[in-house]
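Coordinates from target-v8.cif are shown below (mmCIF, C-alpha atoms).
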```
data_input
#
loop_
_atom_site.group_PDB
_atom_site.id
_atom_site.type_symbol
_atom_site.label_atom_id
_atom_site.label_comp_id
_atom_site.auth_asym_id
_atom_site.auth_seq_id
_atom_site.Cartn_x
_atom_site.Cartn_y
_atom_site.Cartn_z
ATOM 1 C CA MET W 23 113.935 119.599 111.331
ATOM 2 C CA SER W 24 117.486 119.474 112.703
ATOM 3 C CA ASP W 25 120.029 122.038 111.495
ATOM 4 C CA GLU W 26 122.200 119.159 110.388
ATOM 5 C CA LEU W 27 119.508 117.715 108.125
ATOM 6 C CA ARG W 28 118.630 121.154 106.787
ATOM 7 C CA SER W 29 122.226 121.863 105.854
ATOM 8 C CA ARG W 30 122.553 118.410 104.261
ATOM 9 C CA ILE W 31 119.470 119.165 102.156
ATOM 10 C CA GLU W 32 120.751 122.589 101.160
ATOM 11 C CA GLY W 33 124.099 121.051 100.257
ATOM 12 C CA LEU W 34 122.417 118.516 97.973
ATOM 13 C CA ILE W 35 120.167 121.109 96.323
ATOM 14 C CA GLY W 36 123.220 123.281 95.658
ATOM 15 C CA LYS W 37 125.291 120.382 94.347
ATOM 16 C CA HIS W 38 124.351 121.138 90.757
ATOM 17 C CA LYS W 39 122.624 123.990 88.910
ATOM 18 C CA VAL W 40 120.005 121.507 87.744
ATOM 19 C CA MET W 41 119.306 119.012 90.495
ATOM 20 C CA LEU W 42 116.612 116.348 90.316
ATOM 21 C CA PHE W 43 115.487 114.451 93.429
ATOM 22 C CA MET W 44 113.896 111.272 92.142
ATOM 23 C CA LYS W 45 113.015 107.657 92.757
ATOM 24 C CA GLY W 46 115.880 105.667 91.265
ATOM 25 C CA THR W 47 118.735 107.034 89.222
ATOM 26 C CA LYS W 48 119.188 108.833 85.923
ATOM 27 C CA HIS W 49 120.014 105.501 84.276
ATOM 28 C CA PHE W 50 117.552 103.371 86.236
ATOM 29 C CA PRO W 51 114.498 105.440 87.171
ATOM 30 C CA ALA W 52 112.256 103.524 89.585
ATOM 31 C CA CYS W 53 109.052 105.436 88.861
ATOM 32 C CA GLY W 54 107.276 106.624 85.736
ATOM 33 C CA PHE W 55 106.986 110.207 86.968
ATOM 34 C CA SER W 56 110.699 110.407 87.770
ATOM 35 C CA ASN W 57 111.502 108.863 84.405
ATOM 36 C CA ALA W 58 109.343 111.450 82.644
ATOM 37 C CA VAL W 59 111.347 114.322 84.139
ATOM 38 C CA VAL W 60 114.676 112.645 83.312
ATOM 39 C CA GLU W 61 113.528 112.297 79.695
ATOM 40 C CA ILE W 62 112.465 115.966 79.581
ATOM 41 C CA LEU W 63 115.836 117.138 80.919
ATOM 42 C CA LYS W 64 117.583 115.004 78.294
ATOM 43 C CA LYS W 65 115.433 116.611 75.594
ATOM 44 C CA GLU W 66 116.332 120.036 76.968
ATOM 45 C CA ARG W 67 119.996 119.027 76.471
ATOM 46 C CA VAL W 68 120.956 120.327 79.863
ATOM 47 C CA ASP W 69 123.578 118.911 82.194
ATOM 48 C CA PHE W 70 121.930 117.736 85.411
ATOM 49 C CA ASP W 71 122.553 115.664 88.489
ATOM 50 C CA THR W 72 120.155 113.395 90.357
ATOM 51 C CA PHE W 73 119.727 112.143 93.888
ATOM 52 C CA ASN W 74 117.985 108.850 94.574
ATOM 53 C CA ILE W 75 115.641 109.522 97.495
ATOM 54 C CA LEU W 76 114.939 105.784 97.821
ATOM 55 C CA SER W 77 118.531 105.399 99.032
ATOM 56 C CA ASP W 78 118.121 107.830 101.924
ATOM 57 C CA PRO W 79 114.954 107.796 104.084
ATOM 58 C CA GLU W 80 116.091 110.857 106.035
ATOM 59 C CA ILE W 81 116.420 113.022 102.922
ATOM 60 C CA ARG W 82 113.271 111.469 101.453
ATOM 61 C CA GLN W 83 111.186 112.693 104.395
ATOM 62 C CA GLY W 84 113.182 115.840 105.146
ATOM 63 C CA LEU W 85 113.058 117.318 101.655
ATOM 64 C CA LYS W 86 109.258 117.013 101.604
ATOM 65 C CA GLU W 87 109.139 119.199 104.704
ATOM 66 C CA TYR W 88 111.852 121.551 103.470
ATOM 67 C CA SER W 89 110.064 122.290 100.193
ATOM 68 C CA ASN W 90 106.541 121.784 101.560
ATOM 69 C CA TRP W 91 105.944 119.464 98.596
ATOM 70 C CA PRO W 92 104.601 115.976 99.260
ATOM 71 C CA THR W 93 105.766 113.995 96.238
ATOM 72 C CA TYR W 94 108.735 113.071 94.056
ATOM 73 C CA PRO W 95 110.290 113.900 91.651
ATOM 74 C CA GLN W 96 111.288 117.443 92.670
ATOM 75 C CA LEU W 97 113.342 119.620 90.316
ATOM 76 C CA TYR W 98 115.591 122.445 91.544
ATOM 77 C CA VAL W 99 117.306 124.953 89.264
ATOM 78 C CA ASP W 100 119.900 127.271 90.762
ATOM 79 C CA GLY W 101 118.779 126.164 94.203
ATOM 80 C CA LYS W 102 115.154 127.111 93.547
ATOM 81 C CA PHE W 103 112.298 124.598 93.557
ATOM 82 C CA VAL W 104 110.748 124.543 90.087
ATOM 83 C CA GLY W 105 108.104 121.857 90.420
ATOM 84 C CA GLY W 106 107.124 118.225 90.244
ATOM 85 C CA CYS W 107 106.404 116.107 87.193
ATOM 86 C CA ASP W 108 103.197 117.889 86.136
ATOM 87 C CA ILE W 109 104.619 121.403 86.357
ATOM 88 C CA VAL W 110 107.903 120.444 84.682
ATOM 89 C CA THR W 111 105.957 118.766 81.869
ATOM 90 C CA GLU W 112 103.758 121.840 81.345
ATOM 91 C CA MET W 113 106.801 124.125 81.410
ATOM 92 C CA HIS W 114 108.631 121.922 78.913
ATOM 93 C CA GLN W 115 105.694 122.004 76.529
ATOM 94 C CA SER W 116 105.244 125.777 76.780
ATOM 95 C CA GLY W 117 108.951 126.539 76.369
ATOM 96 C CA GLU W 118 109.142 128.068 79.834
ATOM 97 C CA LEU W 119 111.497 125.371 81.077
ATOM 98 C CA ALA W 120 113.967 126.050 78.266
ATOM 99 C CA ARG W 121 114.013 129.721 79.269
ATOM 100 C CA GLU W 122 114.455 128.892 82.925
ATOM 101 C CA LEU W 123 117.303 126.503 82.143
ATOM 102 C CA SER W 124 119.065 128.889 79.776
ATOM 103 C CA ALA W 125 118.907 131.612 82.416
ATOM 104 C CA ALA W 126 120.504 129.164 84.823
ATOM 105 C CA LYS W 127 123.244 128.409 82.303
ATOM 106 C CA SER W 128 123.985 132.028 81.441
ATOM 107 C CA PRO W 129 127.310 133.348 82.707
ATOM 108 C CA LEU W 130 125.501 136.645 83.383
ATOM 109 C CA ASN W 131 123.603 134.835 86.087
ATOM 110 C CA PRO W 132 126.198 133.020 88.165
ATOM 111 C CA ALA W 133 124.795 130.288 90.369
ATOM 112 C CA GLU W 134 127.181 130.910 93.203
ATOM 113 C CA PRO W 135 127.354 134.451 94.526
ATOM 114 C CA ARG W 136 130.765 135.517 95.736
ATOM 115 C CA ARG W 137 131.242 135.047 99.396
ATOM 116 C CA GLY W 138 132.037 138.287 101.161
ATOM 117 C CA GLN W 139 135.452 137.982 102.751
ATOM 118 C CA GLU W 140 135.889 141.431 104.177
ATOM 119 C CA MET C 28 91.193 105.140 100.950
ATOM 120 C CA PRO C 29 89.193 107.864 99.229
ATOM 121 C CA ASP C 30 87.300 107.362 96.009
ATOM 122 C CA GLN C 31 87.255 109.941 93.252
ATOM 123 C CA ASP C 32 83.911 111.396 94.359
ATOM 124 C CA ALA C 33 85.168 111.915 97.908
ATOM 125 C CA LEU C 34 88.283 113.650 96.605
ATOM 126 C CA LYS C 35 86.204 115.834 94.330
ATOM 127 C CA ALA C 36 83.920 116.815 97.230
ATOM 128 C CA GLN C 37 86.903 117.634 99.420
ATOM 129 C CA LEU C 38 88.418 119.856 96.720
ATOM 130 C CA ILE C 39 85.154 121.655 96.016
ATOM 131 C CA ALA C 40 84.763 122.299 99.755
ATOM 132 C CA ALA C 41 88.263 123.785 99.826
ATOM 133 C CA PHE C 42 87.790 125.846 96.658
ATOM 134 C CA PRO C 43 84.164 126.981 96.596
ATOM 135 C CA GLY C 44 82.931 127.633 93.077
ATOM 136 C CA ALA C 45 85.796 125.762 91.471
ATOM 137 C CA ARG C 46 85.524 123.405 88.545
ATOM 138 C CA VAL C 47 86.943 120.092 89.741
ATOM 139 C CA GLU C 48 87.417 116.846 87.845
ATOM 140 C CA VAL C 49 88.935 113.795 89.488
ATOM 141 C CA THR C 50 89.715 110.490 87.812
ATOM 142 C CA ASP C 51 90.851 107.312 89.528
ATOM 143 C CA LEU C 52 93.539 106.239 87.063
ATOM 144 C CA THR C 53 93.933 102.671 88.243
ATOM 145 C CA GLY C 54 90.673 101.823 89.985
ATOM 146 C CA THR C 55 92.682 101.223 93.157
ATOM 147 C CA ARG C 56 91.869 104.537 94.897
ATOM 148 C CA ASP C 57 95.496 105.581 95.211
ATOM 149 C CA HIS C 58 96.490 106.924 91.766
ATOM 150 C CA PHE C 59 94.414 109.895 90.726
ATOM 151 C CA GLN C 60 94.330 112.616 88.137
ATOM 152 C CA ALA C 61 92.758 115.940 89.022
ATOM 153 C CA LEU C 62 91.907 119.170 87.279
ATOM 154 C CA VAL C 63 91.117 122.167 89.477
ATOM 155 C CA VAL C 64 90.066 125.478 87.938
ATOM 156 C CA ALA C 65 89.614 127.948 90.766
ATOM 157 C CA SER C 66 89.441 131.723 91.047
ATOM 158 C CA GLN C 67 91.448 131.332 94.273
ATOM 159 C CA PHE C 68 94.455 130.535 92.057
ATOM 160 C CA ARG C 69 94.508 133.991 90.478
ATOM 161 C CA GLY C 70 97.877 135.662 90.921
ATOM 162 C CA ARG C 71 99.463 132.479 92.287
ATOM 163 C CA SER C 72 102.327 130.615 90.650
ATOM 164 C CA ARG C 73 101.770 127.024 89.586
ATOM 165 C CA VAL C 74 103.907 125.781 92.469
ATOM 166 C CA GLU C 75 101.703 127.768 94.870
ATOM 167 C CA GLN C 76 98.539 126.459 93.195
ATOM 168 C CA HIS C 77 99.661 122.860 93.567
ATOM 169 C CA LYS C 78 100.634 123.493 97.185
ATOM 170 C CA MET C 79 97.136 124.860 97.833
ATOM 171 C CA VAL C 80 95.647 121.639 96.450
ATOM 172 C CA TYR C 81 98.018 119.475 98.492
ATOM 173 C CA ALA C 82 97.123 121.479 101.606
ATOM 174 C CA ALA C 83 93.415 120.947 100.895
ATOM 175 C CA LEU C 84 93.982 117.194 100.706
ATOM 176 C CA GLY C 85 95.993 117.221 103.949
ATOM 177 C CA ASP C 86 96.824 113.792 105.302
ATOM 178 C CA LEU C 87 95.563 112.075 102.167
ATOM 179 C CA MET C 88 98.805 113.181 100.479
ATOM 180 C CA ARG C 89 100.834 111.600 103.284
ATOM 181 C CA GLY C 90 100.060 107.975 102.545
ATOM 182 C CA PRO C 91 96.671 107.080 101.087
ATOM 183 C CA ILE C 92 97.280 108.857 97.779
ATOM 184 C CA HIS C 93 100.407 107.516 96.089
ATOM 185 C CA ALA C 94 100.189 109.649 93.005
ATOM 186 C CA LEU C 95 98.185 112.648 91.937
ATOM 187 C CA ALA C 96 98.640 114.008 88.437
ATOM 188 C CA LEU C 97 97.563 117.587 88.826
ATOM 189 C CA THR C 98 96.519 120.368 86.474
ATOM 190 C CA THR C 99 95.566 123.704 87.994
ATOM 191 C CA HIS C 100 94.747 127.155 86.718
ATOM 192 C CA ALA C 101 92.558 130.152 87.343
ATOM 193 C CA PRO C 102 89.411 130.499 85.197
ATOM 194 C CA ASP C 103 89.915 132.028 81.727
ATOM 195 C CA ASN C 104 93.599 132.603 82.169
ATOM 196 C CA SER C 105 95.566 133.023 78.998
ATOM 197 C CA PRO C 106 98.700 130.928 78.678
ATOM 198 C CA GLU C 107 101.708 132.616 80.156
ATOM 199 C CA GLY C 108 104.236 133.666 77.596
ATOM 200 C CA PRO C 109 106.204 136.535 76.179
ATOM 201 C CA PRO C 110 104.098 139.658 75.468
#
```

Would you mind writing the file out in structure tokens?
Amino acid sequence: MSDELRSRIEGLIGKHKVMLFMKGTKHFPACGFSNAVVEILKKERVDFDTFNILSDPEIRQGLKEYSNWPTYPQLYVDGKFVGGCDIVTEMHQSGELARELSAAKSPLNPAEPRRGQE
Amino acid sequence: MPDQDALKAQLIAAFPGARVEVTDLTGTRDHFQALVVASQFRGRSRVEQHKMVYAALGDLMRGPIHALALTTHAPDNSPEGPP
């Protein structure tokens, strides 16, 4: 994978604390699995952003390689890959997802580490 | 395209001794549901467990299989949770 694509991917993953790569958009999901994760995030009452992988073949293929995960949707929290639809659903049902998301929201756990300037 | 028995055989070959159930959700050999209970999953996170299954299916995940609803765990594991 080119450095350029890798840095584009990392930029997108870091765009929001809770970032969902999906087929379609938050308002118009184009796949039942993507829709399921959108609905779960709404139930978790968390602010999140989405990226429509159908709009960008390069990201669609590149992110699969980057995360070593062959399918969409893919959920990232604080830059970390959390899972696809099945894992997110299980974590939502067990309460694990709520804990993960509240840790991500906590001011004690800032998403962006300070950049060293010295 | 694989049928559910072929998928099941491939998973059992990859995870000897595992309990494997595969269902063809649509009858079209491209949307499947699978349960894999394998001792090889012990100590692995769910993301790692799913990656192990995807790796076992290899090229099937890069085209022939459009969707795979997956449940994985180690045998007799208790649900993760606070102590």

Quick one: everything within 7 Å of W:Gly101, counting only C-alpha atoms, minus sequence neighbours fewer than 6 positions away in the same chain. Send it as a ChimeraX atom specification.
-> /W:35-36,39

One decimal, Å: what's the distance from atom CA of C:Thr50 over to atom CA of C:Leu38, could you say?
->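 Pair atom CA of C:Thr50 / atom CA of C:Leu38 returns 13.0 Å.
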
Check: which chain C residues lie within 8 Å of chain W using only C-alpha atoms, as a ChimeraX atom specification | /C:73-74,78,81,88-89,94,96-98,108

Counting only C-alpha atoms, closest pick from C:Ser72, C:Gln67, C:Thr99, C:Thr53 relative to C:Ala41 is C:Gln67

Using all atoms listed in the file, the shortest atom-to-atom distance to W:Met44 among W:Ser124, W:Ser24, W:Thr111, W:Gln96 belongs to W:Gln96

Within 12 Å of stretch 73-81 of chain W, counting only C-alpha atoms, which residues show up once you throw out same-chain ones fewer than 2 positions away? Write them as a count of residues only, please.
-> 46
